[in-house]
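Working notes, structure below.
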Amino acid sequence: MSVALVTGSAGLIGSEAVRHFASLGLDVVGIDNDMRKRFFGNEASTAWNVVRLTSDLGDSYTHHDVDIRDRDAVAAIFKRYGKDIAVVIHTAAQPSHDWAVRDPFTDFDVNAGGTLNLLQNVREHCIDAPFIHCSTNKVYGDRPNSLPYQELETRWEIEPGHPYEGGIKEDMSIDACLHSVFGASKVAADVMVQEYGRYFDMKTACFRGGTLTGPAHSATELHGFLAYVMRCNMERRTYRMFGYKGKQVRDAIHSHDVTSAFEAFFRNPRSAAVYNLGGGRHSNTSMLEAFALAQSITGNEMVTEYHEANRVGDHIWWIGSNERFQLDYPDWKQVYDVPMICQEIYEANVGKWTPEA
């Protein structure tokens with residue numbers, strides 16, 4: 001028996017990883033206690049996805065309603081499967097800048113402590129299993145905001161000819177900048193994943209994601225940019241913009257493209273690898289451009305509200321470079337761009353996000 005252990009298994013990337021690795025013939029063990037509901041309320045609950053995964057995958061999927069901070073419960077799962085664990089995919093996290101400020105202890109305990117808990121269990125029970133960690137571009141803090149930008153009609157854009165014109169690379173410093181409480185907890189996790197790779201010679205990767213998205217996102221205001229844009233447009237609710245004239249830019253990568261990258265690393269793992277992973281130049285949008293796209297898909301006018309103050313640590317512009325990952329894994333290819341992503345989100349949710357006439 002070969003087991004893929006997935007944390008945050010009912011979330012966007014976690015559930016995509018469950019399906020992807022099950023399709024490869026692995027038995028998948030999921031860990032998810034629906035903390036997203038506690039973080040963001042009922043509309044963000046992932047309980048529906050547990051039901052769907054269990055129904056669709058049958059005996060190929062085993063779900064554990066366990067908190068990654070619970071050392072004894074997590075250890076029991078690792079002891080049960082032991083060396084049958086072929087890969088660990090860690091997607092569970094507290095993912096919001098704003099929420100972290102409300103409860104820094106929980107944010108740090110989940111993001112940093114939970115990650116350490118998992119790493120140590122891999123070391124003790126299945127040290128040869130690659131450890132794939134969903135990090136974030138927020139480990140760079142607000143350093144990207146120091147880059148030279150031009151203001152265009154619908155977006156901010158980096159000055160032509162800049163070394164990062166094709167996307168920000170992993171050589172950007174993570175030091176001496178403002179991270180937000182959330183960003184700091186994710187830095188701690190990111191560095192610990194690297195350290196277990198180097199110090200204990202484990203196979204680990206930090207994937208520093210941009211905007212990870214797809215139709216399985218339980219979209220809410222504090223997390224889930226493109227899915228929340230589509231949800232607001234379809235439900236006719238107001239989307240609140242915070243700063244930068246709504247021209248801030250995000251690259252967006254579909255959960256399918258993320259998990260295919262995970263598979264590439266699983267098949268040929270390295271030690272202490274660090275990769276930016278996002279839509280890059282292939283798939284990116286500003287907030288204003290996303291609004292226009294949503295309107296073109298649904299025919300509904302976007303209802304928006306602008307607030308001058310930007311969120312603390314928020315990026316003016318983020319387009320990441322996938323160059324390092326593609327050099328190591330040249331067979332990996334992106335499939336989705338922003339219009340494809342938004343269209344798929346619309347089609348997947350038209351039955352539940354469209355008000356009855």
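By order in the structure tokens, chains are A, B, ...; within a chain, residues start at 1; ligands start at 1, following the order shown.
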
Given only C-alpha atoms, how would the per-residue table for stretch 170-209 of chain A near stretch 110-129 of chain A read, listing every residue at most 8 Å away with its closest atom pair and distance in Å to one decimal, sorted by chain and number, as a Markdown table?
| residue | atom | partner | partner_atom | distance |
| --- | --- | --- | --- | --- |
| A:Ser185 | CA | A:Ala112 | CA | 5.6 |
| A:Lys186 | CA | A:Asn111 | CA | 6.0 |
| A:Ala188 | CA | A:Ala112 | CA | 5.7 |
| A:Ala189 | CA | A:Ala112 | CA | 4.6 |
| A:Met192 | CA | A:Leu116 | CA | 7.0 |
| A:Val193 | CA | A:Leu119 | CA | 7.2 |
| A:Tyr196 | CA | A:Leu119 | CA | 7.2 |
| A:Phe200 | CA | A:Arg123 | CA | 7.8 |
| A:Met202 | CA | A:Ile127 | CA | 6.5 |
| A:Lys203 | CA | A:Ala129 | CA | 7.0 |

| message | Quick one: residues within 12 Å of A:His162, only C-alpha atoms, excluding same-chain residues fewer than 6 positions away - as JSON, numbers by chain? | response | {"A": [147, 148, 149, 150, 168]}

Export of prior selection with N, CA, C and O atoms as an mmCIF file, in the first residue's frame:
data_model
loop_
_atom_site.group_PDB
_atom_site.id
_atom_site.type_symbol
_atom_site.label_atom_id
_atom_site.label_comp_id
_atom_site.auth_asym_id
_atom_site.auth_seq_id
_atom_site.Cartn_x
_atom_site.Cartn_y
_atom_site.Cartn_z
ATOM 1 N N LEU A 147 9.727 47.629 -5.637
ATOM 2 C CA LEU A 147 10.099 47.579 -7.048
ATOM 3 C C LEU A 147 9.545 48.802 -7.786
ATOM 4 O O LEU A 147 8.544 49.388 -7.363
ATOM 5 N N PRO A 148 10.160 49.192 -8.896
ATOM 6 C CA PRO A 148 9.677 50.359 -9.645
ATOM 7 C C PRO A 148 8.477 49.997 -10.531
ATOM 8 O O PRO A 148 8.567 49.103 -11.372
ATOM 9 N N TYR A 149 7.373 50.708 -10.316
ATOM 10 C CA TYR A 149 6.150 50.413 -11.061
ATOM 11 C C TYR A 149 5.692 51.609 -11.875
ATOM 12 O O TYR A 149 5.976 52.757 -11.552
ATOM 13 N N GLN A 150 4.932 51.291 -12.917
ATOM 14 C CA GLN A 150 4.235 52.304 -13.709
ATOM 15 C C GLN A 150 2.741 52.105 -13.524
ATOM 16 O O GLN A 150 2.262 50.970 -13.459
ATOM 17 N N ILE A 168 8.892 37.737 -10.461
ATOM 18 C CA ILE A 168 9.774 37.805 -9.293
ATOM 19 C C ILE A 168 10.374 36.429 -9.022
ATOM 20 O O ILE A 168 9.676 35.408 -9.031
#

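You can rank A:Thr220, A:Asn268, A:Thr204, A:Asn276 by their closest distance to A:Val139 using only C-alpha atoms, and at the top of that list sits A:Asn276.
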
| message | Considering only C-alpha atoms, can you say which of A:Pro104, A:Gly30, A:Gly58, A:Pro269 comes closest to A:Phe78? | response | A:Gly30

| query | Between A:Ser283, A:Ser180, A:Ser60, A:Asn300, which is the closest to A:Asp107 once you count only C-alpha atoms? | reply |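 Ranking A:Ser283, A:Ser180, A:Ser60, A:Asn300 by distance to A:Asp107, first place goes to A:Ser180.
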
| message | Using Å and a single decimal, report how far atom CA of A:Gly41 sits from atom CA of A:His307. | response |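 Computing the Euclidean distance for atom CA of A:His307 and atom CA of A:Gly41 yields 22.9 Å.
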
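When the distance limit is 12 Å and only C-alpha atoms are what count, the residues near stretch 324-329 of chain A, minus those fewer than 5 positions from it on the same chain, are Gly167, Ile168, Lys169, Glu170, Asp171, Ala205, Cys206, Phe207, Arg208, Val258, Ser260, Ala261, Phe262, Glu263, Ala264, Phe265, Phe266, Arg267, Asn268, Pro269, Arg270, Ala273, Val274, Tyr275, Asn276, Leu277, Gly278, Gly280 and Gln334 of chain A.
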
Include N, CA and C atoms and write out the residues we just selected as a PDB file, in the first residue's frame.
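result29.pdb was written with the following content:
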ATOM      1  N   GLY A 167       8.859  38.085 -14.029  1.00  0.00           N
ATOM      2  CA  GLY A 167       8.323  37.531 -12.795  1.00  0.00           C
ATOM      3  C   GLY A 167       9.352  37.568 -11.678  1.00  0.00           C
ATOM      4  N   ILE A 168       8.892  37.737 -10.461  1.00  0.00           N
ATOM      5  CA  ILE A 168       9.774  37.805  -9.293  1.00  0.00           C
ATOM      6  C   ILE A 168      10.374  36.429  -9.022  1.00  0.00           C
ATOM      7  N   LYS A 169      11.675  36.401  -8.758  1.00  0.00           N
ATOM      8  CA  LYS A 169      12.402  35.147  -8.549  1.00  0.00           C
ATOM      9  C   LYS A 169      12.682  34.907  -7.071  1.00  0.00           C
ATOM     10  N   GLU A 170      13.173  33.714  -6.786  1.00  0.00           N
ATOM     11  CA  GLU A 170      13.408  33.292  -5.404  1.00  0.00           C
ATOM     12  C   GLU A 170      14.599  33.997  -4.768  1.00  0.00           C
ATOM     13  N   ASP A 171      15.369  34.751  -5.546  1.00  0.00           N
ATOM     14  CA  ASP A 171      16.492  35.480  -4.967  1.00  0.00           C
ATOM     15  C   ASP A 171      16.060  36.767  -4.265  1.00  0.00           C
ATOM     16  N   ALA A 205      10.025  20.394  -0.162  1.00  0.00           N
ATOM     17  CA  ALA A 205       9.856  21.506  -1.100  1.00  0.00           C
ATOM     18  C   ALA A 205       8.910  22.532  -0.523  1.00  0.00           C
ATOM     19  N   CYS A 206       9.294  23.791  -0.615  1.00  0.00           N
ATOM     20  CA  CYS A 206       8.401  24.909  -0.306  1.00  0.00           C
ATOM     21  C   CYS A 206       7.925  25.505  -1.627  1.00  0.00           C
ATOM     22  N   PHE A 207       6.636  25.429  -1.868  1.00  0.00           N
ATOM     23  CA  PHE A 207       6.041  26.063  -3.041  1.00  0.00           C
ATOM     24  C   PHE A 207       5.424  27.388  -2.602  1.00  0.00           C
ATOM     25  N   ARG A 208       6.075  28.474  -2.983  1.00  0.00           N
ATOM     26  CA  ARG A 208       5.627  29.806  -2.588  1.00  0.00           C
ATOM     27  C   ARG A 208       4.600  30.294  -3.601  1.00  0.00           C
ATOM     28  N   VAL A 258      -1.273  23.382  -9.969  1.00  0.00           N
ATOM     29  CA  VAL A 258      -0.504  23.255  -8.734  1.00  0.00           C
ATOM     30  C   VAL A 258      -0.226  21.787  -8.425  1.00  0.00           C
ATOM     31  N   SER A 260      -0.297  19.198 -10.378  1.00  0.00           N
ATOM     32  CA  SER A 260       0.580  18.539 -11.350  1.00  0.00           C
ATOM     33  C   SER A 260       2.041  18.873 -11.059  1.00  0.00           C
ATOM     34  N   ALA A 261       2.293  20.075 -10.520  1.00  0.00           N
ATOM     35  CA  ALA A 261       3.652  20.417 -10.072  1.00  0.00           C
ATOM     36  C   ALA A 261       4.042  19.563  -8.863  1.00  0.00           C
ATOM     37  N   PHE A 262       3.099  19.350  -7.958  1.00  0.00           N
ATOM     38  CA  PHE A 262       3.367  18.479  -6.808  1.00  0.00           C
ATOM     39  C   PHE A 262       3.745  17.070  -7.271  1.00  0.00           C
ATOM     40  N   GLU A 263       3.021  16.568  -8.265  1.00  0.00           N
ATOM     41  CA  GLU A 263       3.326  15.229  -8.767  1.00  0.00           C
ATOM     42  C   GLU A 263       4.743  15.169  -9.345  1.00  0.00           C
ATOM     43  N   ALA A 264       5.133  16.207 -10.072  1.00  0.00           N
ATOM     44  CA  ALA A 264       6.479  16.231 -10.646  1.00  0.00           C
ATOM     45  C   ALA A 264       7.538  16.147  -9.555  1.00  0.00           C
ATOM     46  N   PHE A 265       7.335  16.896  -8.465  1.00  0.00           N
ATOM     47  CA  PHE A 265       8.290  16.842  -7.360  1.00  0.00           C
ATOM     48  C   PHE A 265       8.257  15.476  -6.684  1.00  0.00           C
ATOM     49  N   PHE A 266       7.085  14.912  -6.489  1.00  0.00           N
ATOM     50  CA  PHE A 266       6.932  13.590  -5.877  1.00  0.00           C
ATOM     51  C   PHE A 266       7.714  12.528  -6.654  1.00  0.00           C
ATOM     52  N   ARG A 267       7.699  12.608  -7.956  1.00  0.00           N
ATOM     53  CA  ARG A 267       8.359  11.598  -8.784  1.00  0.00           C
ATOM     54  C   ARG A 267       9.871  11.786  -8.832  1.00  0.00           C
ATOM     55  N   ASN A 268      10.338  12.998  -8.580  1.00  0.00           N
ATOM     56  CA  ASN A 268      11.784  13.264  -8.621  1.00  0.00           C
ATOM     57  C   ASN A 268      12.128  14.318  -7.565  1.00  0.00           C
ATOM     58  N   PRO A 269      12.070  13.924  -6.279  1.00  0.00           N
ATOM     59  CA  PRO A 269      12.201  14.914  -5.212  1.00  0.00           C
ATOM     60  C   PRO A 269      13.637  15.379  -4.992  1.00  0.00           C
ATOM     61  N   ARG A 270      13.750  16.566  -4.440  1.00  0.00           N
ATOM     62  CA  ARG A 270      15.027  17.151  -4.054  1.00  0.00           C
ATOM     63  C   ARG A 270      14.985  17.510  -2.575  1.00  0.00           C
ATOM     64  N   ALA A 273      14.164  22.140  -1.422  1.00  0.00           N
ATOM     65  CA  ALA A 273      13.866  22.927  -2.618  1.00  0.00           C
ATOM     66  C   ALA A 273      12.931  24.082  -2.275  1.00  0.00           C
ATOM     67  N   VAL A 274      13.106  25.193  -2.969  1.00  0.00           N
ATOM     68  CA  VAL A 274      12.246  26.368  -2.818  1.00  0.00           C
ATOM     69  C   VAL A 274      11.854  26.849  -4.213  1.00  0.00           C
ATOM     70  N   TYR A 275      10.543  26.945  -4.430  1.00  0.00           N
ATOM     71  CA  TYR A 275      10.053  27.359  -5.743  1.00  0.00           C
ATOM     72  C   TYR A 275       8.934  28.393  -5.606  1.00  0.00           C
ATOM     73  N   ASN A 276       9.025  29.483  -6.354  1.00  0.00           N
ATOM     74  CA  ASN A 276       7.845  30.294  -6.590  1.00  0.00           C
ATOM     75  C   ASN A 276       6.944  29.528  -7.556  1.00  0.00           C
ATOM     76  N   LEU A 277       5.648  29.530  -7.280  1.00  0.00           N
ATOM     77  CA  LEU A 277       4.713  28.814  -8.148  1.00  0.00           C
ATOM     78  C   LEU A 277       3.438  29.636  -8.279  1.00  0.00           C
ATOM     79  N   GLY A 278       3.207  30.112  -9.476  1.00  0.00           N
ATOM     80  CA  GLY A 278       2.017  30.927  -9.691  1.00  0.00           C
ATOM     81  C   GLY A 278       1.668  30.990 -11.164  1.00  0.00           C
ATOM     82  N   GLY A 280       2.303  33.391 -13.150  1.00  0.00           N
ATOM     83  CA  GLY A 280       3.353  34.024 -13.924  1.00  0.00           C
ATOM     84  C   GLY A 280       2.794  34.938 -14.999  1.00  0.00           C
ATOM     85  N   GLN A 334       1.772  24.638 -17.633  1.00  0.00           N
ATOM     86  CA  GLN A 334       0.522  25.253 -17.184  1.00  0.00           C
ATOM     87  C   GLN A 334      -0.568  25.046 -18.234  1.00  0.00           C
TER      88      GLN A 334
END

As a PDB file with C-alpha atoms, in the first residue's frame, please: every residue in stretch 169-321 of chain A that DSSP puts in alpha helix (DSSP H).
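Wrote selection.pdb, looks like this:
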ATOM      1  CA  SER A 180       2.131  40.989   8.590  1.00  0.00           C
ATOM      2  CA  VAL A 181       1.565  38.525  11.422  1.00  0.00           C
ATOM      3  CA  PHE A 182       0.354  35.929   8.910  1.00  0.00           C
ATOM      4  CA  GLY A 183       3.404  36.404   6.710  1.00  0.00           C
ATOM      5  CA  ALA A 184       5.726  35.948   9.680  1.00  0.00           C
ATOM      6  CA  SER A 185       4.105  32.658  10.696  1.00  0.00           C
ATOM      7  CA  LYS A 186       4.415  31.400   7.128  1.00  0.00           C
ATOM      8  CA  VAL A 187       8.089  32.438   7.036  1.00  0.00           C
ATOM      9  CA  ALA A 188       8.672  30.343  10.153  1.00  0.00           C
ATOM     10  CA  ALA A 189       7.027  27.328   8.528  1.00  0.00           C
ATOM     11  CA  ASP A 190       8.854  27.852   5.227  1.00  0.00           C
ATOM     12  CA  VAL A 191      12.276  28.053   6.851  1.00  0.00           C
ATOM     13  CA  MET A 192      11.575  25.022   9.061  1.00  0.00           C
ATOM     14  CA  VAL A 193      10.625  22.947   6.009  1.00  0.00           C
ATOM     15  CA  GLN A 194      13.920  23.943   4.403  1.00  0.00           C
ATOM     16  CA  GLU A 195      15.815  23.152   7.600  1.00  0.00           C
ATOM     17  CA  TYR A 196      14.403  19.637   7.909  1.00  0.00           C
ATOM     18  CA  GLY A 197      15.458  19.111   4.313  1.00  0.00           C
ATOM     19  CA  ARG A 198      19.035  20.245   4.903  1.00  0.00           C
ATOM     20  CA  TYR A 199      19.630  19.185   8.519  1.00  0.00           C
ATOM     21  CA  PHE A 225      -9.593  36.420  -4.728  1.00  0.00           C
ATOM     22  CA  LEU A 226     -10.901  35.202  -8.090  1.00  0.00           C
ATOM     23  CA  ALA A 227     -13.533  32.876  -6.652  1.00  0.00           C
ATOM     24  CA  TYR A 228     -14.758  35.707  -4.432  1.00  0.00           C
ATOM     25  CA  VAL A 229     -14.888  38.124  -7.376  1.00  0.00           C
ATOM     26  CA  MET A 230     -17.069  35.630  -9.228  1.00  0.00           C
ATOM     27  CA  ARG A 231     -19.195  34.947  -6.157  1.00  0.00           C
ATOM     28  CA  CYS A 232     -19.848  38.639  -5.538  1.00  0.00           C
ATOM     29  CA  ASN A 233     -20.755  39.206  -9.157  1.00  0.00           C
ATOM     30  CA  MET A 234     -23.071  36.201  -9.321  1.00  0.00           C
ATOM     31  CA  GLU A 235     -24.747  36.863  -5.947  1.00  0.00           C
ATOM     32  CA  SER A 255      -5.372  24.035  -8.475  1.00  0.00           C
ATOM     33  CA  HIS A 256      -4.926  21.476 -11.278  1.00  0.00           C
ATOM     34  CA  ASP A 257      -1.659  23.101 -12.359  1.00  0.00           C
ATOM     35  CA  VAL A 258      -0.504  23.255  -8.734  1.00  0.00           C
ATOM     36  CA  THR A 259      -1.070  19.567  -8.091  1.00  0.00           C
ATOM     37  CA  SER A 260       0.580  18.539 -11.350  1.00  0.00           C
ATOM     38  CA  ALA A 261       3.652  20.417 -10.072  1.00  0.00           C
ATOM     39  CA  PHE A 262       3.367  18.479  -6.808  1.00  0.00           C
ATOM     40  CA  GLU A 263       3.326  15.229  -8.767  1.00  0.00           C
ATOM     41  CA  ALA A 264       6.479  16.231 -10.646  1.00  0.00           C
ATOM     42  CA  PHE A 265       8.290  16.842  -7.360  1.00  0.00           C
ATOM     43  CA  PHE A 266       6.932  13.590  -5.877  1.00  0.00           C
ATOM     44  CA  ARG A 267       8.359  11.598  -8.784  1.00  0.00           C
ATOM     45  CA  MET A 287      -8.587  43.679  -9.660  1.00  0.00           C
ATOM     46  CA  LEU A 288     -10.217  46.009 -12.208  1.00  0.00           C
ATOM     47  CA  GLU A 289      -9.473  43.575 -15.019  1.00  0.00           C
ATOM     48  CA  ALA A 290     -10.980  40.705 -13.010  1.00  0.00           C
ATOM     49  CA  PHE A 291     -14.162  42.736 -12.525  1.00  0.00           C
ATOM     50  CA  ALA A 292     -14.453  43.322 -16.273  1.00  0.00           C
ATOM     51  CA  LEU A 293     -13.904  39.633 -16.952  1.00  0.00           C
ATOM     52  CA  ALA A 294     -16.557  38.600 -14.439  1.00  0.00           C
ATOM     53  CA  GLN A 295     -19.040  41.003 -16.023  1.00  0.00           C
ATOM     54  CA  SER A 296     -18.332  39.609 -19.487  1.00  0.00           C
ATOM     55  CA  ILE A 297     -18.918  36.035 -18.277  1.00  0.00           C
ATOM     56  CA  THR A 298     -22.137  36.612 -16.317  1.00  0.00           C
TER      57      THR A 298
END

| field | Best match for closeness to A:Glu165 among A:Thr213, A:Ser321, A:Thr7, A:Thr91, counting only C-alpha atoms | value | A:Ser321

| task | Would you return as an MDAnalysis selection string the members of stretch 26-205 of chain A that DSSP assigns to strand (DSSP E or B) on this structure's backbone? | result | chainID A and resid 27:31 61:64 85:90 131:136 149:151 156:158 168 204:205

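Here the question is which of A:Ala73, A:Met35, A:Ile253, A:Ile158 gets nearest to A:Ala93 using only C-alpha atoms, and that residue is A:Met35.
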